[in-house]
$ cat protein-v9.cif   # mmCIF, C-alpha atoms
data_structure
loop_
_atom_site.group_PDB
_atom_site.id
_atom_site.type_symbol
_atom_site.label_atom_id
_atom_site.label_comp_id
_atom_site.auth_asym_id
_atom_site.auth_seq_id
_atom_site.Cartn_x
_atom_site.Cartn_y
_atom_site.Cartn_z
ATOM 1 C CA MET A 495 -11.394 20.791 8.139
ATOM 2 C CA ARG A 496 -13.906 22.741 10.205
ATOM 3 C CA PRO A 497 -17.471 21.433 10.493
ATOM 4 C CA SER A 498 -20.081 23.247 8.395
ATOM 5 C CA PRO A 499 -21.978 25.825 10.478
ATOM 6 C CA ASP A 500 -25.172 24.002 9.487
ATOM 7 C CA VAL A 501 -23.984 20.804 11.209
ATOM 8 C CA PRO A 502 -24.814 20.271 14.920
ATOM 9 C CA GLN A 503 -21.726 21.139 16.954
ATOM 10 C CA ASP A 504 -22.351 18.781 19.864
ATOM 11 C CA PRO A 505 -20.543 15.491 19.135
ATOM 12 C CA ALA A 506 -22.194 13.590 21.999
ATOM 13 C CA PRO A 507 -25.155 12.157 20.025
ATOM 14 C CA VAL A 508 -22.841 10.960 17.239
ATOM 15 C CA VAL A 509 -20.385 9.479 19.740
ATOM 16 C CA ALA A 510 -23.248 7.629 21.445
ATOM 17 C CA GLN A 511 -24.463 6.125 18.171
ATOM 18 C CA LEU A 512 -20.980 5.039 17.171
ATOM 19 C CA ARG A 513 -20.203 3.594 20.583
ATOM 20 C CA ALA A 514 -23.483 1.633 20.565
ATOM 21 C CA ALA A 515 -22.467 0.197 17.183
ATOM 22 C CA GLY A 516 -19.169 -1.024 18.637
ATOM 23 C CA CYS A 517 -16.808 1.623 17.265
ATOM 24 C CA VAL A 518 -13.764 1.554 19.534
ATOM 25 C CA PHE A 519 -12.587 5.067 18.626
ATOM 26 C CA ALA A 520 -16.022 6.677 18.722
ATOM 27 C CA GLU A 521 -14.834 10.155 19.765
ATOM 28 C CA GLU A 522 -12.209 10.395 17.022
ATOM 29 C CA GLU A 523 -14.567 9.048 14.384
ATOM 30 C CA ALA A 524 -17.340 11.422 15.431
ATOM 31 C CA ALA A 525 -14.985 14.370 14.961
ATOM 32 C CA GLU A 526 -14.110 13.202 11.443
ATOM 33 C CA LEU A 527 -17.749 12.678 10.480
ATOM 34 C CA LEU A 528 -18.790 16.062 11.836
ATOM 35 C CA ALA A 529 -15.977 17.733 9.897
ATOM 36 C CA ALA A 530 -16.986 15.952 6.669
ATOM 37 C CA ALA A 531 -20.724 16.615 6.887
ATOM 38 C CA THR A 532 -22.245 19.451 4.873
ATOM 39 C CA GLY A 533 -25.528 19.509 6.779
ATOM 40 C CA PRO A 534 -27.740 17.544 9.179
ATOM 41 C CA ALA A 535 -29.059 15.174 6.512
ATOM 42 C CA HIS A 536 -25.577 14.483 5.206
ATOM 43 C CA LEU A 537 -24.313 13.862 8.741
ATOM 44 C CA ALA A 538 -27.151 11.412 9.374
ATOM 45 C CA SER A 539 -26.246 9.580 6.156
ATOM 46 C CA LEU A 540 -22.554 9.378 7.067
ATOM 47 C CA VAL A 541 -23.260 8.169 10.583
ATOM 48 C CA GLY A 542 -25.784 5.642 9.299
ATOM 49 C CA ARG A 543 -23.240 4.168 6.901
ATOM 50 C CA ARG A 544 -20.647 3.876 9.660
ATOM 51 C CA VAL A 545 -23.105 2.362 12.129
ATOM 52 C CA ALA A 546 -24.047 -0.187 9.468
ATOM 53 C CA GLY A 547 -20.414 -1.339 9.417
ATOM 54 C CA GLU A 548 -18.935 0.487 6.450
ATOM 55 C CA PRO A 549 -15.280 1.373 7.109
ATOM 56 C CA LEU A 550 -14.735 4.961 8.202
ATOM 57 C CA GLU A 551 -12.277 5.541 5.346
ATOM 58 C CA LEU A 552 -14.893 4.651 2.732
ATOM 59 C CA VAL A 553 -17.544 6.742 4.483
ATOM 60 C CA LEU A 554 -15.223 9.757 4.465
ATOM 61 C CA GLY A 555 -13.846 9.041 0.986
ATOM 62 C CA TRP A 556 -10.208 9.281 2.086
ATOM 63 C CA THR A 557 -7.615 7.807 4.414
ATOM 64 C CA ALA A 558 -4.415 9.171 5.926
ATOM 65 C CA PHE A 559 -1.239 7.475 4.706
ATOM 66 C CA CYS A 560 2.359 8.662 5.037
ATOM 67 C CA GLY A 561 1.141 12.162 5.861
ATOM 68 C CA LEU A 562 -1.063 12.318 2.766
ATOM 69 C CA ARG A 563 -4.813 12.236 2.222
ATOM 70 C CA ILE A 564 -5.482 9.320 -0.136
ATOM 71 C CA ALA A 565 -8.828 9.194 -1.923
ATOM 72 C CA VAL A 566 -10.603 5.853 -1.542
ATOM 73 C CA GLU A 567 -14.012 4.644 -2.603
ATOM 74 C CA PRO A 568 -16.193 1.553 -2.172
ATOM 75 C CA GLY A 569 -14.638 -1.455 -3.849
ATOM 76 C CA VAL A 570 -11.041 -0.274 -3.390
ATOM 77 C CA PHE A 571 -8.424 -1.721 -1.038
ATOM 78 C CA VAL A 572 -7.773 0.729 1.813
ATOM 79 C CA PRO A 573 -4.023 1.305 2.385
ATOM 80 C CA ARG A 574 -2.703 -0.129 5.662
ATOM 81 C CA GLN A 575 -0.356 1.819 7.899
ATOM 82 C CA ARG A 576 2.147 -1.048 7.864
ATOM 83 C CA THR A 577 2.757 -0.354 4.178
ATOM 84 C CA ALA A 578 4.623 2.803 5.203
ATOM 85 C CA LEU A 579 7.646 0.528 5.711
ATOM 86 C CA LEU A 580 7.671 -0.273 1.990
ATOM 87 C CA VAL A 581 7.454 3.447 1.165
ATOM 88 C CA GLU A 582 10.272 4.321 3.559
ATOM 89 C CA ARG A 583 12.558 1.688 2.113
ATOM 90 C CA ALA A 584 11.767 2.817 -1.444
ATOM 91 C CA VAL A 585 12.578 6.434 -0.609
ATOM 92 C CA ALA A 586 15.818 5.457 1.135
ATOM 93 C CA LEU A 587 16.960 3.472 -1.897
ATOM 94 C CA LEU A 588 16.174 6.185 -4.429
ATOM 95 C CA ARG A 589 17.018 9.374 -2.544
ATOM 96 C CA ALA A 590 20.645 9.457 -3.709
ATOM 97 C CA THR A 591 19.755 8.892 -7.378
ATOM 98 C CA SER A 592 21.169 11.706 -9.497
ATOM 99 C CA ARG A 593 18.633 11.278 -12.312
ATOM 100 C CA THR A 594 14.854 11.054 -12.354
ATOM 101 C CA PRO A 595 14.038 7.526 -11.166
ATOM 102 C CA LEU A 596 11.509 5.294 -12.881
ATOM 103 C CA VAL A 597 9.080 3.858 -10.329
ATOM 104 C CA VAL A 598 6.326 1.292 -10.896
ATOM 105 C CA ASP A 599 3.555 0.682 -8.349
ATOM 106 C CA LEU A 600 2.226 -2.752 -9.315
ATOM 107 C CA CYS A 601 -1.094 -3.987 -7.861
ATOM 108 C CA CYS A 602 -1.484 -0.313 -7.003
ATOM 109 C CA GLY A 603 -5.014 -0.233 -5.581
ATOM 110 C CA SER A 604 -5.645 3.419 -4.737
ATOM 111 C CA GLY A 605 -2.109 4.354 -5.826
ATOM 112 C CA ALA A 606 -1.112 5.221 -2.258
ATOM 113 C CA VAL A 607 2.388 3.738 -2.459
ATOM 114 C CA GLY A 608 3.272 5.457 -5.719
ATOM 115 C CA LEU A 609 1.906 8.780 -4.505
ATOM 116 C CA ALA A 610 3.805 8.597 -1.208
ATOM 117 C CA VAL A 611 7.084 7.715 -2.926
ATOM 118 C CA ALA A 612 6.714 10.419 -5.568
ATOM 119 C CA THR A 613 5.772 13.043 -2.976
ATOM 120 C CA ALA A 614 8.776 12.216 -0.800
ATOM 121 C CA LEU A 615 11.291 12.130 -3.641
ATOM 122 C CA GLY A 616 10.185 14.946 -5.884
ATOM 123 C CA PRO A 617 10.194 14.374 -9.651
ATOM 124 C CA VAL A 618 9.865 10.693 -10.616
ATOM 125 C CA GLU A 619 8.620 8.911 -13.693
ATOM 126 C CA LEU A 620 5.745 7.051 -12.097
ATOM 127 C CA HIS A 621 3.644 4.256 -13.541
ATOM 128 C CA ALA A 622 0.996 2.279 -11.659
ATOM 129 C CA ALA A 623 -1.113 -0.702 -12.632
ATOM 130 C CA ASP A 624 -4.002 -2.763 -11.330
ATOM 131 C CA VAL A 625 -6.367 -5.330 -12.779
ATOM 132 C CA ASP A 626 -9.440 -3.822 -11.097
ATOM 133 C CA PRO A 627 -11.195 -0.973 -12.971
ATOM 134 C CA VAL A 628 -12.397 0.646 -9.728
ATOM 135 C CA ALA A 629 -8.831 0.703 -8.395
ATOM 136 C CA VAL A 630 -7.541 2.149 -11.659
ATOM 137 C CA ARG A 631 -10.115 4.939 -11.533
ATOM 138 C CA CYS A 632 -9.249 5.744 -7.929
ATOM 139 C CA ALA A 633 -5.490 5.619 -8.567
ATOM 140 C CA ARG A 634 -5.853 8.046 -11.466
ATOM 141 C CA ARG A 635 -7.524 10.519 -9.105
ATOM 142 C CA ASN A 636 -4.692 10.226 -6.601
ATOM 143 C CA LEU A 637 -1.742 10.158 -8.981
ATOM 144 C CA ALA A 638 -2.845 13.015 -11.213
ATOM 145 C CA ARG A 639 -1.245 15.435 -8.753
ATOM 146 C CA VAL A 640 2.231 13.937 -9.366
ATOM 147 C CA GLY A 641 1.828 13.203 -13.070
ATOM 148 C CA GLY A 642 1.608 9.429 -12.595
ATOM 149 C CA ARG A 643 0.276 7.216 -15.367
ATOM 150 C CA VAL A 644 -2.105 4.421 -14.392
ATOM 151 C CA HIS A 645 -2.633 1.315 -16.513
ATOM 152 C CA ARG A 646 -5.227 -1.440 -16.280
ATOM 153 C CA GLY A 647 -4.282 -5.074 -16.741
ATOM 154 C CA ASP A 648 -2.893 -8.242 -15.200
ATOM 155 C CA LEU A 649 0.474 -7.476 -13.565
ATOM 156 C CA TYR A 650 3.187 -6.752 -16.162
ATOM 157 C CA ALA A 651 0.773 -7.112 -19.089
ATOM 158 C CA ALA A 652 -0.619 -3.721 -18.086
ATOM 159 C CA LEU A 653 2.717 -1.905 -18.443
ATOM 160 C CA PRO A 654 4.042 -0.213 -21.585
ATOM 161 C CA ALA A 655 6.633 -2.441 -23.238
ATOM 162 C CA GLY A 656 9.092 0.453 -23.265
ATOM 163 C CA LEU A 657 9.515 0.189 -19.492
ATOM 164 C CA ARG A 658 11.101 -3.257 -19.720
ATOM 165 C CA GLY A 659 14.657 -3.215 -18.386
ATOM 166 C CA ARG A 660 14.394 0.398 -17.186
ATOM 167 C CA VAL A 661 12.560 0.252 -13.842
ATOM 168 C CA ASP A 662 14.622 1.521 -10.912
ATOM 169 C CA LEU A 663 12.082 0.561 -8.285
ATOM 170 C CA LEU A 664 9.227 -1.912 -8.554
ATOM 171 C CA ALA A 665 6.904 -1.605 -5.536
ATOM 172 C CA VAL A 666 4.397 -4.415 -5.102
ATOM 173 C CA ASN A 667 1.660 -4.840 -2.524
ATOM 174 C CA ALA A 668 -0.005 -7.871 -4.095
ATOM 175 C CA PRO A 669 -2.570 -9.749 -1.977
ATOM 176 C CA TYR A 670 -0.827 -12.167 0.389
ATOM 177 C CA VAL A 671 -3.556 -13.506 2.671
ATOM 178 C CA PRO A 672 -3.964 -17.291 2.250
ATOM 179 C CA SER A 673 -7.371 -18.104 0.769
ATOM 180 C CA ALA A 674 -8.565 -19.958 3.870
ATOM 181 C CA ALA A 675 -7.656 -16.999 6.098
ATOM 182 C CA VAL A 676 -9.686 -14.387 4.237
ATOM 183 C CA ALA A 677 -12.794 -15.397 6.188
ATOM 184 C CA LEU A 678 -10.919 -14.616 9.412
ATOM 185 C CA MET A 679 -10.082 -11.037 8.442
ATOM 186 C CA PRO A 680 -11.836 -8.070 10.105
ATOM 187 C CA VAL A 681 -15.308 -7.512 8.739
ATOM 188 C CA GLU A 682 -14.343 -4.091 7.348
ATOM 189 C CA ALA A 683 -11.898 -5.749 4.977
ATOM 190 C CA ARG A 684 -13.743 -9.003 4.364
ATOM 191 C CA ASP A 685 -17.077 -7.417 3.481
ATOM 192 C CA HIS A 686 -16.027 -4.113 1.933
ATOM 193 C CA GLU A 687 -12.830 -4.716 -0.024
ATOM 194 C CA PRO A 688 -12.559 -6.759 -3.232
ATOM 195 C CA ARG A 689 -11.558 -10.380 -2.773
ATOM 196 C CA THR A 690 -8.979 -9.955 -5.521
ATOM 197 C CA ALA A 691 -7.148 -7.423 -3.324
ATOM 198 C CA LEU A 692 -6.994 -9.792 -0.349
ATOM 199 C CA ASP A 693 -6.720 -13.403 -1.539
ATOM 200 C CA GLY A 694 -3.154 -14.514 -2.250
ATOM 201 C CA GLY A 695 -4.038 -18.111 -3.106
ATOM 202 C CA PRO A 696 -3.615 -21.305 -1.074
ATOM 203 C CA ASP A 697 -0.366 -20.230 0.608
ATOM 204 C CA GLY A 698 -0.723 -16.486 0.080
ATOM 205 C CA THR A 699 2.147 -16.189 -2.386
ATOM 206 C CA VAL A 700 0.604 -17.029 -5.769
ATOM 207 C CA LEU A 701 0.773 -13.466 -7.111
ATOM 208 C CA GLN A 702 4.088 -12.803 -5.386
ATOM 209 C CA ARG A 703 5.646 -15.727 -7.242
ATOM 210 C CA ARG A 704 4.278 -14.452 -10.547
ATOM 211 C CA VAL A 705 5.663 -10.994 -9.836
ATOM 212 C CA ALA A 706 9.086 -12.308 -8.804
ATOM 213 C CA ALA A 707 9.391 -14.609 -11.819
ATOM 214 C CA GLN A 708 9.388 -11.691 -14.277
ATOM 215 C CA ALA A 709 10.722 -8.835 -12.173
ATOM 216 C CA ARG A 710 14.337 -9.092 -13.329
ATOM 217 C CA SER A 711 13.425 -8.502 -16.970
ATOM 218 C CA TRP A 712 11.663 -5.249 -16.039
ATOM 219 C CA LEU A 713 14.242 -3.910 -13.595
ATOM 220 C CA ALA A 714 17.158 -1.752 -14.632
ATOM 221 C CA PRO A 715 20.624 -3.062 -13.681
ATOM 222 C CA GLY A 716 20.832 -2.730 -9.902
ATOM 223 C CA GLY A 717 17.106 -1.959 -9.677
ATOM 224 C CA THR A 718 15.062 -3.130 -6.715
ATOM 225 C CA LEU A 719 11.855 -5.090 -6.281
ATOM 226 C CA LEU A 720 10.026 -4.368 -3.004
ATOM 227 C CA VAL A 721 7.271 -6.785 -1.998
ATOM 228 C CA GLU A 722 5.121 -6.407 1.100
ATOM 229 C CA THR A 723 4.430 -9.731 2.783
ATOM 230 C CA SER A 724 3.830 -11.186 6.251
ATOM 231 C CA ALA A 725 6.380 -12.422 8.763
ATOM 232 C CA ARG A 726 5.120 -15.981 8.293
ATOM 233 C CA GLN A 727 5.270 -15.885 4.511
ATOM 234 C CA ALA A 728 8.509 -13.903 4.185
ATOM 235 C CA PRO A 729 10.671 -17.030 3.711
ATOM 236 C CA ARG A 730 8.454 -18.170 0.821
ATOM 237 C CA THR A 731 8.467 -14.695 -0.668
ATOM 238 C CA ALA A 732 12.263 -14.516 -0.414
ATOM 239 C CA VAL A 733 12.643 -17.914 -2.101
ATOM 240 C CA ALA A 734 10.435 -16.717 -4.969
ATOM 241 C CA VAL A 735 12.524 -13.553 -5.319
ATOM 242 C CA GLN A 736 15.742 -15.576 -5.407
ATOM 243 C CA ALA A 737 14.263 -17.967 -7.948
ATOM 244 C CA GLY A 738 13.648 -14.932 -10.165
ATOM 245 C CA GLY A 739 17.378 -14.214 -10.207
ATOM 246 C CA LEU A 740 17.417 -11.428 -7.612
ATOM 247 C CA ARG A 741 19.303 -11.106 -4.337
ATOM 248 C CA ALA A 742 16.751 -11.312 -1.528
ATOM 249 C CA ASP A 743 16.779 -9.489 1.809
ATOM 250 C CA VAL A 744 13.988 -9.302 4.391
ATOM 251 C CA VAL A 745 13.150 -6.143 6.336
ATOM 252 C CA ARG A 746 10.978 -6.529 9.422
ATOM 253 C CA ASP A 747 9.418 -3.861 11.658
ATOM 254 C CA GLU A 748 7.904 -5.504 14.741
ATOM 255 C CA GLU A 749 6.241 -2.347 16.022
ATOM 256 C CA ARG A 750 4.167 -1.945 12.871
ATOM 257 C CA ASP A 751 3.934 -5.693 12.172
ATOM 258 C CA ALA A 752 5.355 -4.874 8.745
ATOM 259 C CA THR A 753 7.510 -7.063 6.514
ATOM 260 C CA VAL A 754 9.064 -6.271 3.144
ATOM 261 C CA VAL A 755 11.224 -8.471 0.924
ATOM 262 C CA LEU A 756 13.770 -6.678 -1.256
ATOM 263 C CA GLY A 757 14.994 -8.203 -4.485
ATOM 264 C CA THR A 758 18.053 -6.539 -6.010
ATOM 265 C CA SER A 759 18.819 -6.995 -9.675
ATOM 266 C CA PRO A 760 22.437 -7.705 -10.708
ATOM 267 C CA GLY A 761 24.251 -4.657 -11.987
ATOM 268 C CA ARG A 762 25.576 -1.531 -10.368
ATOM 269 C CA ARG A 763 26.259 -1.993 -6.703
ATOM 270 C CA VAL A 764 23.738 -0.387 -4.351
ATOM 271 C CA SER A 765 25.596 1.986 -2.056
ATOM 272 C CA ARG A 766 26.017 1.081 1.585
ATOM 273 C CA SER A 767 24.417 4.380 2.597
ATOM 274 C CA SER A 768 21.221 3.726 0.658
ATOM 275 C CA ARG A 769 20.943 0.185 2.007
ATOM 276 C CA SER A 770 21.496 1.278 5.597
ATOM 277 C CA ALA A 771 19.412 4.439 5.493
ATOM 278 C CA MET A 772 16.588 2.625 7.271
ATOM 279 C CA THR A 773 16.843 1.865 10.962
ATOM 280 C CA HIS A 774 14.696 -1.261 10.887
ATOM 281 C CA ALA A 775 16.321 -4.631 11.460
ATOM 282 C CA VAL A 776 17.090 -6.785 8.432
ATOM 283 C CA THR A 777 16.739 -10.509 8.887
ATOM 284 C CA ASN A 778 19.039 -12.343 6.500
ATOM 285 C CA ARG A 779 18.285 -15.646 4.850
ATOM 286 C CA ASP A 780 20.549 -17.467 7.311
ATOM 287 C CA GLY A 781 18.583 -16.065 10.246
ATOM 288 C CA SER A 782 21.155 -13.473 11.313
ATOM 289 C CA VAL A 783 20.044 -9.890 11.878
ATOM 290 C CA THR A 784 21.782 -6.736 10.684
ATOM 291 C CA ARG A 785 20.864 -3.064 11.003
#

$ encode --input "protein-v9.cif" --output "structure tokens"
Amino acid sequence: MRPSPDVPQDPAPVVAQLRAAGCVFAEEEAAELLAAATGPAHLASLVGRRVAGEPLELVLGWTAFCGLRIAVEPGVFVPRQRTALLVERAVALLRATSRTPLVVDLCCGSGAVGLAVATALGPVELHAADVDPVAVRCARRNLARVGGRVHRGDLYAALPAGLRGRVDLLAVNAPYVPSAAVALMPVEARDHEPRTALDGGPDGTVLQRRVAAQARSWLAPGGTLLVETSARQAPRTAVAVQAGGLRADVVRDEERDATVVLGTSPGRRVSRSSRSAMTHAVTNRDGSVTR
């Protein structure tokens, strides 16, 4: 996006203000703010918000994720780049499906995961759900372009009953930060994102266990549950997935510090090609690694 002709073209003053406020990527952020501003007063407002510590994504009203521009707003969890691993695995699993797959983005936040999966695959039947009304409103903005339906409620209680037993892919990015660690998170997250989107309970897996306990009844035969987690909590997440009657596998990407646990429902066998379509290492429950 080109800056408005009414906006000052020299980025140096903006860069100086951002750098003085401690912004590490001051030049890049200044370019984004200049491009977003509609006039001098608007630019001053945007810069003031950023200097005061508001995350750049919320100041701009969008964030880049999987090549898409995702609308975000104050009070909504901002998608992390590590979550692209979950999207990539979902797309690899569903790409060979001959029919329109049914995808659910649970704890959807802005709806970034569902939008990225639907955009990569083409036609999907997409449902998303979140307990937070601000997230639901934001997700509806994002998912309207792919015909996604967004529901408000607590986990599965938000979903239409007719989806039970039919879901091909259940993508979940539930909060997984242990309660005591929330205070140690970067200020942008700690002070500007809802606690409900960050706090995963005493060990970080409270919501993950709730999701895993009921996932099998919502999945179609051979369907897959994908849960983002951390490297430290992955063993607990995998145990919860197994306890829910699913086969658990852990996918880890060191470069992005990304971890996803897959839970496969009994039924049709997932093809070798779809399971190996990703190049990231898979750490098995016994500690061995396959690719």

$ closest_residue --input "protein-v9.cif" --among "A:Val630, A:Ala584, A:Val681, A:Gly605" --to "A:Gly757" --atoms "only C-alpha atoms"
A:Ala584

$ closest_residue --input "protein-v9.cif" --among "A:Ala524, A:Ala633, A:Ala638, A:Leu615" --to "A:Arg593" --atoms "all atoms listed in the file"
A:Leu615

$ resolve_selection --input "protein-v9.cif" --expression "the PyMOL selection byres ((chain A and resi 554) around 10)" --output "number ranges by chain"
A: 523, 526-527, 529-531, 540, 544, 549-553, 555-557, 565-567

$ residues_around --input "protein-v9.cif" --residues "stretch 649-658 of chain A" --least-positions-apart "5" --cutoff "7 Å" --atoms "only C-alpha atoms" --output "list in words"
Leu600, Cys601, Ala623, Asp624, Ser711, Trp712 and Leu713 of chain A

$ residues_near_point --input "protein-v9.cif" --point "(-16.3, -3.7, 4.7)" --cutoff "10 Å" --atoms "all atoms listed in the file" --output "PDB file with C-alpha atoms, keeping the file's coordinate frame"
ATOM      1  CA  ALA A 546     -24.047  -0.187   9.468  1.00  0.00           C
ATOM      2  CA  GLY A 547     -20.414  -1.339   9.417  1.00  0.00           C
ATOM      3  CA  GLU A 548     -18.935   0.487   6.450  1.00  0.00           C
ATOM      4  CA  PRO A 549     -15.280   1.373   7.109  1.00  0.00           C
ATOM      5  CA  LEU A 550     -14.735   4.961   8.202  1.00  0.00           C
ATOM      6  CA  LEU A 552     -14.893   4.651   2.732  1.00  0.00           C
ATOM      7  CA  PRO A 568     -16.193   1.553  -2.172  1.00  0.00           C
ATOM      8  CA  GLY A 569     -14.638  -1.455  -3.849  1.00  0.00           C
ATOM      9  CA  PHE A 571      -8.424  -1.721  -1.038  1.00  0.00           C
ATOM     10  CA  PRO A 680     -11.836  -8.070  10.105  1.00  0.00           C
ATOM     11  CA  VAL A 681     -15.308  -7.512   8.739  1.00  0.00           C
ATOM     12  CA  GLU A 682     -14.343  -4.091   7.348  1.00  0.00           C
ATOM     13  CA  ALA A 683     -11.898  -5.749   4.977  1.00  0.00           C
ATOM     14  CA  ARG A 684     -13.743  -9.003   4.364  1.00  0.00           C
ATOM     15  CA  ASP A 685     -17.077  -7.417   3.481  1.00  0.00           C
ATOM     16  CA  HIS A 686     -16.027  -4.113   1.933  1.00  0.00           C
ATOM     17  CA  GLU A 687     -12.830  -4.716  -0.024  1.00  0.00           C
ATOM     18  CA  PRO A 688     -12.559  -6.759  -3.232  1.00  0.00           C
TER      19      PRO A 688
END

$ resolve_selection --input "protein-v9.cif" --expression "the PyMOL selection byres ((chain A and resi 720) around 7)" --output "PyMOL selection string"
chain A and resi 580+664-666+718-719+721-722+754-757

$ closest_residue --input "protein-v9.cif" --among "A:Gln708, A:Thr723, A:Thr613, A:Ser604" --to "A:Arg589" --atoms "only C-alpha atoms"
A:Thr613

$ closest_residue --input "protein-v9.cif" --among "A:Ala728, A:Val541, A:Ala734, A:Val570" --to "A:Thr690" --atoms "all atoms listed in the file"
A:Val570

$ atom_distance --input "protein-v9.cif" --atom1 "atom CA of A:Gly761" --atom2 "atom CA of A:Val597"
17.5 Å

$ atom_distance --input "protein-v9.cif" --atom1 "atom CA of A:Tyr670" --atom2 "atom CA of A:Pro696"
9.7 Å

$ atom_distance --input "protein-v9.cif" --atom1 "atom CA of A:Ala606" --atom2 "atom CA of A:Val585"
13.8 Å

$ residues_around --input "protein-v9.cif" --residues "A:Val733" --least-positions-apart "6" --cutoff "12 Å" --atoms "all atoms listed in the file" --output "compact mmCIF listing (two decimals) with C-alpha atoms, in the coordinates of the input"
# COMPACT_ATOMS: atom_id res chain seq x y z
CA THR A 699 2.15 -16.19 -2.39
CA GLN A 702 4.09 -12.80 -5.39
CA ARG A 703 5.65 -15.73 -7.24
CA ALA A 706 9.09 -12.31 -8.80
CA ALA A 707 9.39 -14.61 -11.82
CA GLN A 727 5.27 -15.88 4.51
CA GLY A 739 17.38 -14.21 -10.21
CA LEU A 740 17.42 -11.43 -7.61
CA ARG A 741 19.30 -11.11 -4.34
CA ALA A 742 16.75 -11.31 -1.53
CA ASP A 743 16.78 -9.49 1.81
CA VAL A 744 13.99 -9.30 4.39
CA VAL A 755 11.22 -8.47 0.92
CA LEU A 756 13.77 -6.68 -1.26
CA GLY A 757 14.99 -8.20 -4.49
CA ARG A 779 18.28 -15.65 4.85

$ residues_around --input "protein-v9.cif" --residues "A:Ser673" --least-positions-apart "4" --cutoff "9 Å" --atoms "all atoms listed in the file" --output "ChimeraX atom specification"
/A:677,692-698

$ write_last_selection --input "protein-v9.cif" --atoms "C-alpha atoms" --output "CSV table (one decimal), in the coordinates of the input"
chain,number,residue,atom,x,y,z
A,677,ALA,CA,-12.8,-15.4,6.2
A,692,LEU,CA,-7.0,-9.8,-0.3
A,693,ASP,CA,-6.7,-13.4,-1.5
A,694,GLY,CA,-3.2,-14.5,-2.2
A,695,GLY,CA,-4.0,-18.1,-3.1
A,696,PRO,CA,-3.6,-21.3,-1.1
A,697,ASP,CA,-0.4,-20.2,0.6
A,698,GLY,CA,-0.7,-16.5,0.1

$ residues_near_point --input "protein-v9.cif" --point "(5.9, 4.6, 3.2)" --cutoff "8 Å" --atoms "all atoms listed in the file" --output "PDB file with C-alpha atoms, in the frame of the given file"
ATOM      1  CA  PHE A 559      -1.239   7.475   4.706  1.00  0.00           C
ATOM      2  CA  CYS A 560       2.359   8.662   5.037  1.00  0.00           C
ATOM      3  CA  THR A 577       2.757  -0.354   4.178  1.00  0.00           C
ATOM      4  CA  ALA A 578       4.623   2.803   5.203  1.00  0.00           C
ATOM      5  CA  LEU A 579       7.646   0.528   5.711  1.00  0.00           C
ATOM      6  CA  LEU A 580       7.671  -0.273   1.990  1.00  0.00           C
ATOM      7  CA  VAL A 581       7.454   3.447   1.165  1.00  0.00           C
ATOM      8  CA  GLU A 582      10.272   4.321   3.559  1.00  0.00           C
ATOM      9  CA  ARG A 583      12.558   1.688   2.113  1.00  0.00           C
ATOM     10  CA  ALA A 584      11.767   2.817  -1.444  1.00  0.00           C
ATOM     11  CA  VAL A 585      12.578   6.434  -0.609  1.00  0.00           C
ATOM     12  CA  VAL A 607       2.388   3.738  -2.459  1.00  0.00           C
ATOM     13  CA  ALA A 610       3.805   8.597  -1.208  1.00  0.00           C
ATOM     14  CA  VAL A 611       7.084   7.715  -2.926  1.00  0.00           C
TER      15      VAL A 611
END

$ closest_residue --input "protein-v9.cif" --among "A:Arg704, A:Arg660, A:Arg730, A:Arg746" --to "A:Thr594" --atoms "all atoms listed in the file"
A:Arg660

$ resolve_selection --input "protein-v9.cif" --expression "the PyMOL selection byres ((chain A and resi 751) around 10)" --output "JSON, numbers by chain"
{"A": [575, 576, 577, 579, 724, 725, 746, 747, 748, 749, 750, 752, 753]}

$ axis_aligned_box --input "protein-v9.cif" --around "stretch 630-633 of chain A" --padding-each-side "5 Å" --output "JSON"
{"center_x": -7.8, "center_y": 3.9, "center_z": -9.8, "size_x": 14.6, "size_y": 13.6, "size_z": 13.7}
